[in-house]
There are 2 protein chains.
Amino acid sequence: MKHLFLAAVAATSFVLPAFAAEPAPVPSPGEIAAAAPAGDWVAIAPADLLVMDLAPDAKGRQRRVIIQLMPAPFSQGWIGNIRKLAAAHWWDGTSVNRVQDNYVAQWGDATEKKALPAGLATVPEVEYVNSDPASSQTSVDGKPAIRLSKDEAARRGEQIERAGKRDIFGGMSMADAYAPDVMFADGWPIGYSDAQVPDSRWPLHCYGAVGVGRNLSPDTGSGAELYAVIGHAPRHLDRNIAVVGRVISGIEHLSSLPRGTGALGFYEDAADRVAIISIRIATDLPAADRPRFEYLSTDSDSFARYADARANRRDPFFIRPAGGADICNIPVPVRPVAAK
Amino acid sequence: MKHLFLAAVAATSFVLPAFAAEPAPVPSPGEIAAAAPAGDWVAIAPADLLVMDLAPDAKGRQRRVIIQLMPAPFSQGWIGNIRKLAAAHWWDGTSVNRVQDNYVAQWGDATEKKALPAGLATVPEVEYVNSDPASSQTSVDGKPAIRLSKDEAARRGEQIERAGKRDIFGGMSMADAYAPDVMFADGWPIGYSDAQVPDSRWPLHCYGAVGVGRNLSPDTGSGAELYAVIGHAPRHLDRNIAVVGRVISGIEHLSSLPRGTGALGFYEDAADRVAIISIRIATDLPAADRPRFEYLSTDSDSFARYADARANRRDPFFIRPAGGADICNIPVPVRPVAAK
């Protein structure tokens, strides 16, 4: 009777004959992404996928969480550790130990006694931010490794305006209370500042972001204790904790877990912990079990239209476009690649 | 070993003798709120509490969700309907039918056939926004019903700056991509605009916000179908849907429910729906079962310090304060009042 968000109805109307002279429905952001040409999608290397298999749920259903690791130049010291921990099967038999509502689900060794593999790096705090002027010039396959959304927008001939501290991307506001500026680069939401430190950039704690648990400063964590954001983006953690990736599939296996009743959402009863069967880099899985994903290039015109539609919803349900969007409310579209 | 956020340790250090000449730990936002004097807390009238009792969980534990309804002048047409629906026991035997990850949990009549009680108002879309110039002058107990954070900050002699479209509240940024300006008024996060429509104000879709499901415009919903935000604030819904309240207790009973696998997160199997035993206004419950809550006055100096600490974390875990905060990342502290 009152189905909130009749997107299903709106989508249906695309495939029905238009008997009446109704205006064509404006596509939703999801429909824009789904209609993007194949060339706008970028394959994610299996070597950058971390696959976590939790114990089956109470009904015996599999629970697989897939994490995309961040590309260079961000957080590579911790990510190197994570690759070593996965190769050592270090997480097998550990558990999800903490689920705090509107915040994070965290996993690792609840006993706090399991020895770490040899050779893990100790990464300094300066690595929370990438401030290497050369990195934005780094060439990967002939393309710059970091592409600024404002540059890309300029390339497309769109008008770029700067109003005070607000960023205007293609005419929409991406005002941000945390970072001097924000952008999308290589498929990721990034904070940056041209002023504080030349060309400094850092990853953002949006929904699904995966970060490195740590002790008090100057400890920065090894990567053995990880968390995923399951609530409103805790952006105050930016530049205070290493972000190493994002959940691209199966976040519901973390976000719908019972909340812990101990301090900070830790489970008080060990029986409530959720066992981790294994965590592997996808390339270490049997070929038939290896997931494949792709993301919508944030340099593409499709993404620009998608982001604009997130900021200005014009699909039938909406009556008043916002004129802007929080960068964490513009999730980069990611989808599985069908097996051939 | 790597307990993310050692707030518990930091709190402990307050009660341990300071043997070493360490600087006193800076209190966390939660500690600032907890230390606020009794006079800074405002009792919530039981007539403004909506109490939803879900069927017990698989372990037989009670699941109570408590919602604070919005005060005048916001959304009162829908809230009047909600009071009538509760008085008619209309929701008893209905269910939570939709849980969409990082978005909403929604409840109401899954059959879509249950007759509504007589006398419900049909509320027009203009009521999504309050644009009555008189309402900001409305006096309640000799105080204006709407108090602007910038006015309150000015009253406290704090410096107020406006940098472009950013709002600076007590020296911190509350830059917002959705609303021209944001504020706290009477304990609620509010968007406003002095320019588009004089003195127009509207409630925000932050985590826990409760809104009114509706069909396509011009339908605005009756209030019989409600949802609670269980993910990153979907602020694009502001001014497109009526916000009628917020969950102040028990949100985990909604946010940790299994996600629906149908379109928009609706449960495909009716057996997955979560039965609602009853929804009542607290004044209609037996006195012994009547919850009592209070919120930290958003006009108080304690709240100003709390908000500043949310924007500039200086407690021991943090190494780099953000200098600002998303208004939805400054949840107004609410706590139960102990029985006398």
# chains A, B, ... in the order shown; residues from 1 in each chain; ligands from 1
$ residues_around --residues "region 44-50 of chain A" --least-positions-apart "3" --cutoff "6 Å" --atoms "only C-alpha atoms" --output "PyMOL selection string"
chain A and resi 66-69+280-283+293-294
$ write_last_selection --atoms "N, CA and C atoms" --output "PDB file, in the first residue's frame"
ATOM      1  N   ILE A  66      33.545 -10.096   0.693  1.00  0.00           N
ATOM      2  CA  ILE A  66      34.638  -9.838  -0.245  1.00  0.00           C
ATOM      3  C   ILE A  66      35.069  -8.377  -0.138  1.00  0.00           C
ATOM      4  N   ILE A  67      36.360  -8.206   0.057  1.00  0.00           N
ATOM      5  CA  ILE A  67      36.947  -6.882   0.287  1.00  0.00           C
ATOM      6  C   ILE A  67      37.887  -6.544  -0.863  1.00  0.00           C
ATOM      7  N   GLN A  68      37.724  -5.346  -1.420  1.00  0.00           N
ATOM      8  CA  GLN A  68      38.682  -4.850  -2.407  1.00  0.00           C
ATOM      9  C   GLN A  68      39.764  -4.059  -1.677  1.00  0.00           C
ATOM     10  N   LEU A  69      41.004  -4.429  -1.862  1.00  0.00           N
ATOM     11  CA  LEU A  69      42.108  -3.712  -1.220  1.00  0.00           C
ATOM     12  C   LEU A  69      42.400  -2.426  -1.983  1.00  0.00           C
ATOM     13  N   ARG A 280      41.431 -15.353   2.418  1.00  0.00           N
ATOM     14  CA  ARG A 280      42.411 -15.605   1.362  1.00  0.00           C
ATOM     15  C   ARG A 280      42.412 -14.457   0.352  1.00  0.00           C
ATOM     16  N   ILE A 281      43.555 -14.219  -0.251  1.00  0.00           N
ATOM     17  CA  ILE A 281      43.587 -13.429  -1.472  1.00  0.00           C
ATOM     18  C   ILE A 281      42.955 -14.295  -2.569  1.00  0.00           C
ATOM     19  N   ALA A 282      42.131 -13.670  -3.433  1.00  0.00           N
ATOM     20  CA  ALA A 282      41.346 -14.464  -4.391  1.00  0.00           C
ATOM     21  C   ALA A 282      42.218 -15.336  -5.281  1.00  0.00           C
ATOM     22  N   THR A 283      43.432 -14.873  -5.575  1.00  0.00           N
ATOM     23  CA  THR A 283      44.302 -15.677  -6.441  1.00  0.00           C
ATOM     24  C   THR A 283      44.731 -16.984  -5.778  1.00  0.00           C
ATOM     25  N   PHE A 293      35.030  -9.214  -9.991  1.00  0.00           N
ATOM     26  CA  PHE A 293      34.226  -7.995  -9.855  1.00  0.00           C
ATOM     27  C   PHE A 293      34.788  -6.906 -10.758  1.00  0.00           C
ATOM     28  N   GLU A 294      33.959  -5.928 -11.011  1.00  0.00           N
ATOM     29  CA  GLU A 294      34.398  -4.747 -11.749  1.00  0.00           C
ATOM     30  C   GLU A 294      33.706  -3.526 -11.155  1.00  0.00           C
TER      31      GLU A 294
END
$ residues_around --residues "region 27-33 of chain B" --least-positions-apart "3" --cutoff "9 Å" --atoms "only C-alpha atoms" --output "list in words"
Ala7, Ala10, Ala11, Ala24, Ala36, Pro37, Leu296, Ser302, Phe303, Arg305, Tyr306, Ala307, Asp308, Ala309, Arg310, Arg313, Arg314, Asp315, Pro316 and Pro333 of chain B
$ write_last_selection --atoms "N, CA and C atoms" --output "compact mmCIF listing (two decimals), in the first residue's frame"
# COMPACT_ATOMS: atom_id res chain seq x y z
N ALA B 7 38.72 3.51 24.29
CA ALA B 7 37.99 4.45 25.15
C ALA B 7 37.87 3.90 26.56
N ALA B 10 41.01 4.67 28.28
CA ALA B 10 41.10 6.11 28.54
C ALA B 10 40.21 6.48 29.72
N ALA B 11 39.02 5.90 29.77
CA ALA B 11 38.10 6.21 30.87
C ALA B 11 38.68 5.72 32.19
N ALA B 24 46.64 15.59 31.80
CA ALA B 24 45.32 15.02 32.05
C ALA B 24 44.68 14.64 30.73
N ALA B 36 27.71 16.36 32.09
CA ALA B 36 26.87 17.56 32.03
C ALA B 36 26.00 17.65 33.28
N PRO B 37 25.81 18.85 33.81
CA PRO B 37 24.96 18.98 35.00
C PRO B 37 23.52 18.59 34.70
N LEU B 296 20.15 15.85 26.03
CA LEU B 296 21.04 16.95 26.40
C LEU B 296 20.61 18.18 25.62
N SER B 302 27.17 22.54 27.67
CA SER B 302 27.64 21.15 27.61
C SER B 302 27.51 20.61 26.19
N PHE B 303 26.39 20.90 25.54
CA PHE B 303 26.22 20.41 24.17
C PHE B 303 27.22 21.07 23.23
N ARG B 305 30.18 22.02 23.94
CA ARG B 305 31.47 21.35 24.14
C ARG B 305 31.46 19.95 23.54
N TYR B 306 30.33 19.28 23.72
CA TYR B 306 30.17 17.93 23.15
C TYR B 306 30.31 17.98 21.63
N ALA B 307 29.62 18.92 20.99
CA ALA B 307 29.66 19.02 19.52
C ALA B 307 31.06 19.37 19.05
N ASP B 308 31.69 20.28 19.77
CA ASP B 308 33.07 20.64 19.41
C ASP B 308 33.99 19.43 19.53
N ALA B 309 33.77 18.62 20.55
CA ALA B 309 34.62 17.43 20.73
C ALA B 309 34.33 16.38 19.67
N ARG B 310 33.10 16.31 19.18
CA ARG B 310 32.81 15.40 18.06
C ARG B 310 33.57 15.86 16.82
N ARG B 313 38.25 15.55 17.81
CA ARG B 313 38.54 14.53 18.80
C ARG B 313 39.94 14.75 19.35
N ARG B 314 40.01 14.97 20.65
CA ARG B 314 41.30 15.18 21.30
C ARG B 314 41.55 14.14 22.38
N ASP B 315 40.59 13.20 22.54
CA ASP B 315 40.80 12.15 23.53
C ASP B 315 41.95 11.26 23.05
N PRO B 316 42.52 10.48 23.96
CA PRO B 316 43.85 9.91 23.69
C PRO B 316 44.00 9.11 22.40
N PRO B 333 22.84 13.58 22.46
CA PRO B 333 22.82 12.56 23.53
C PRO B 333 21.42 12.41 24.15
$ select_by_dssp --residues "region 284-315 of chain A" --states "strand (DSSP E or B)" --output "list in words"
Phe293, Glu294, Tyr295 and Leu296 of chain A
$ closest_residue --among "A:Glu112, A:Leu285, A:Ile330, A:Ser300" --to "chain B" --atoms "only C-alpha atoms"
A:Glu112
$ interface_residues --of "chain A" --to "chain B" --cutoff "7 Å" --atoms "only C-alpha atoms" --output "PDB file with C-alpha atoms, in the first residue's frame"
ATOM      1  CA  MET A   1       0.000   0.000   0.000  1.00  0.00           C
ATOM      2  CA  LYS A   2       2.713   2.434   0.919  1.00  0.00           C
ATOM      3  CA  HIS A   3       5.828   0.885  -0.468  1.00  0.00           C
ATOM      4  CA  LEU A   4       8.543   3.371   0.207  1.00  0.00           C
ATOM      5  CA  ALA A   8      10.604  -1.314  -8.865  1.00  0.00           C
ATOM      6  CA  ASP A 101      25.802  -0.368  16.261  1.00  0.00           C
ATOM      7  CA  GLU A 112      45.118 -11.606  21.728  1.00  0.00           C
ATOM      8  CA  ALA A 163      32.443  28.477  -3.853  1.00  0.00           C
ATOM      9  CA  GLY A 164      34.284  29.106  -0.643  1.00  0.00           C
ATOM     10  CA  LYS A 165      35.321  25.725   0.685  1.00  0.00           C
ATOM     11  CA  SER A 173      27.801  20.405  -4.308  1.00  0.00           C
ATOM     12  CA  MET A 174      30.100  17.994  -2.525  1.00  0.00           C
ATOM     13  CA  ALA A 175      30.516  20.205   0.529  1.00  0.00           C
ATOM     14  CA  ASP A 176      32.432  18.307   3.175  1.00  0.00           C
ATOM     15  CA  ALA A 177      32.879  19.046   6.856  1.00  0.00           C
ATOM     16  CA  TYR A 178      36.018  16.935   7.231  1.00  0.00           C
ATOM     17  CA  TYR A 207      30.125   2.858   4.670  1.00  0.00           C
ATOM     18  CA  GLY A 213      42.543  -1.607  14.343  1.00  0.00           C
ATOM     19  CA  ARG A 214      45.315  -0.192  16.453  1.00  0.00           C
ATOM     20  CA  ASN A 215      46.382   0.621  19.966  1.00  0.00           C
ATOM     21  CA  LEU A 216      47.153   4.135  21.177  1.00  0.00           C
ATOM     22  CA  SER A 217      49.497   6.258  19.075  1.00  0.00           C
ATOM     23  CA  GLY A 221      48.296  -1.553  13.885  1.00  0.00           C
ATOM     24  CA  GLU A 225      42.897  -6.679  13.466  1.00  0.00           C
ATOM     25  CA  GLY A 231      27.002   2.758  10.053  1.00  0.00           C
ATOM     26  CA  HIS A 232      27.097   6.430   9.230  1.00  0.00           C
ATOM     27  CA  ALA A 233      30.528   7.276   7.848  1.00  0.00           C
ATOM     28  CA  HIS A 236      36.610  11.626  12.180  1.00  0.00           C
ATOM     29  CA  ARG A 239      43.928  10.338   8.846  1.00  0.00           C
ATOM     30  CA  ASN A 240      43.796   8.711  12.301  1.00  0.00           C
ATOM     31  CA  GLU A 252      25.165  -7.751   5.253  1.00  0.00           C
ATOM     32  CA  SER A 255      26.096  -5.362   9.371  1.00  0.00           C
ATOM     33  CA  SER A 256      23.255  -7.659  10.457  1.00  0.00           C
ATOM     34  CA  LEU A 257      25.203  -9.463  13.184  1.00  0.00           C
ATOM     35  CA  PRO A 258      23.904  -9.059  16.741  1.00  0.00           C
ATOM     36  CA  ARG A 259      25.441  -6.057  18.437  1.00  0.00           C
ATOM     37  CA  ALA A 263      32.195  -1.946  26.033  1.00  0.00           C
ATOM     38  CA  PHE A 317       9.679   9.066  -6.479  1.00  0.00           C
ATOM     39  CA  PHE A 318      11.441  12.341  -5.811  1.00  0.00           C
ATOM     40  CA  ILE A 319       9.890  15.789  -5.796  1.00  0.00           C
ATOM     41  CA  ARG A 320      12.822  17.960  -4.726  1.00  0.00           C
ATOM     42  CA  ALA A 322      19.007  18.125  -3.213  1.00  0.00           C
ATOM     43  CA  GLY A 323      21.551  19.862  -5.429  1.00  0.00           C
ATOM     44  CA  GLY A 324      24.431  18.084  -3.756  1.00  0.00           C
ATOM     45  CA  ALA A 325      25.573  14.917  -2.069  1.00  0.00           C
ATOM     46  CA  ASP A 326      27.904  13.778   0.657  1.00  0.00           C
TER      47      ASP A 326
END
$ select_by_dssp --residues "region 29-156 of chain A" --states "alpha helix (DSSP H)" --output "short mmCIF file (atom, residue, chain, number, x, y, z; two decimals) with N, CA and C atoms, in the first residue's frame"
data_model
loop_
_atom_site.label_atom_id
_atom_site.label_comp_id
_atom_site.auth_asym_id
_atom_site.auth_seq_id
_atom_site.Cartn_x
_atom_site.Cartn_y
_atom_site.Cartn_z
N PRO A 29 19.82 6.61 -10.31
CA PRO A 29 21.27 6.40 -10.35
C PRO A 29 21.64 4.95 -10.68
N GLY A 30 20.94 4.01 -10.07
CA GLY A 30 21.24 2.61 -10.33
C GLY A 30 20.99 2.24 -11.78
N GLU A 31 19.95 2.79 -12.36
CA GLU A 31 19.65 2.52 -13.76
C GLU A 31 20.72 3.13 -14.68
N ILE A 32 21.22 4.30 -14.31
CA ILE A 32 22.30 4.92 -15.10
C ILE A 32 23.53 4.02 -15.08
N ALA A 33 23.88 3.53 -13.89
CA ALA A 33 25.06 2.66 -13.79
C ALA A 33 24.84 1.38 -14.59
N ALA A 34 23.65 0.79 -14.46
CA ALA A 34 23.38 -0.47 -15.15
C ALA A 34 23.45 -0.30 -16.67
N GLN A 76 49.89 1.03 1.52
CA GLN A 76 50.49 -0.20 0.99
C GLN A 76 51.30 -0.97 2.03
N GLY A 77 51.82 -0.29 3.04
CA GLY A 77 52.55 -1.00 4.09
C GLY A 77 51.65 -1.98 4.83
N TRP A 78 50.47 -1.51 5.22
CA TRP A 78 49.53 -2.40 5.92
C TRP A 78 49.01 -3.47 4.97
N ILE A 79 48.77 -3.08 3.73
CA ILE A 79 48.22 -4.05 2.77
C ILE A 79 49.25 -5.16 2.50
N GLY A 80 50.52 -4.82 2.49
CA GLY A 80 51.55 -5.85 2.38
C GLY A 80 51.46 -6.82 3.55
N ASN A 81 51.25 -6.30 4.75
CA ASN A 81 51.07 -7.18 5.92
C ASN A 81 49.84 -8.08 5.75
N ILE A 82 48.75 -7.49 5.27
CA ILE A 82 47.51 -8.25 5.11
C ILE A 82 47.73 -9.40 4.12
N ARG A 83 48.49 -9.14 3.07
CA ARG A 83 48.79 -10.21 2.11
C ARG A 83 49.58 -11.34 2.78
N LYS A 84 50.52 -10.96 3.64
CA LYS A 84 51.30 -11.98 4.35
C LYS A 84 50.44 -12.75 5.34
N LEU A 85 49.56 -12.05 6.04
CA LEU A 85 48.67 -12.73 7.00
C LEU A 85 47.74 -13.71 6.29
N ALA A 86 47.23 -13.29 5.14
CA ALA A 86 46.34 -14.19 4.38
C ALA A 86 47.13 -15.39 3.86
N ALA A 87 48.35 -15.13 3.36
CA ALA A 87 49.17 -16.24 2.82
C ALA A 87 49.51 -17.24 3.92
N SER A 149 39.03 14.21 -9.87
CA SER A 149 37.72 14.37 -10.49
C SER A 149 37.61 15.75 -11.14
N LYS A 150 38.20 16.76 -10.50
CA LYS A 150 38.06 18.09 -11.10
C LYS A 150 38.78 18.15 -12.43
N ASP A 151 39.95 17.48 -12.53
CA ASP A 151 40.65 17.45 -13.81
C ASP A 151 39.83 16.70 -14.86
N GLU A 152 39.26 15.58 -14.44
CA GLU A 152 38.47 14.81 -15.38
C GLU A 152 37.26 15.60 -15.84
N ALA A 153 36.65 16.29 -14.88
CA ALA A 153 35.48 17.08 -15.24
C ALA A 153 35.87 18.18 -16.22
N ALA A 154 37.04 18.79 -15.97
CA ALA A 154 37.51 19.83 -16.88
C ALA A 154 37.75 19.25 -18.26
N ARG A 155 38.29 18.04 -18.28
CA ARG A 155 38.53 17.38 -19.55
C ARG A 155 37.22 17.21 -20.33
#
$ residues_around --residues "Asp269 (chain A)" --least-positions-apart "5" --cutoff "10 Å" --atoms "only C-alpha atoms" --output "PyMOL selection string"
chain A and resi 97+260-262
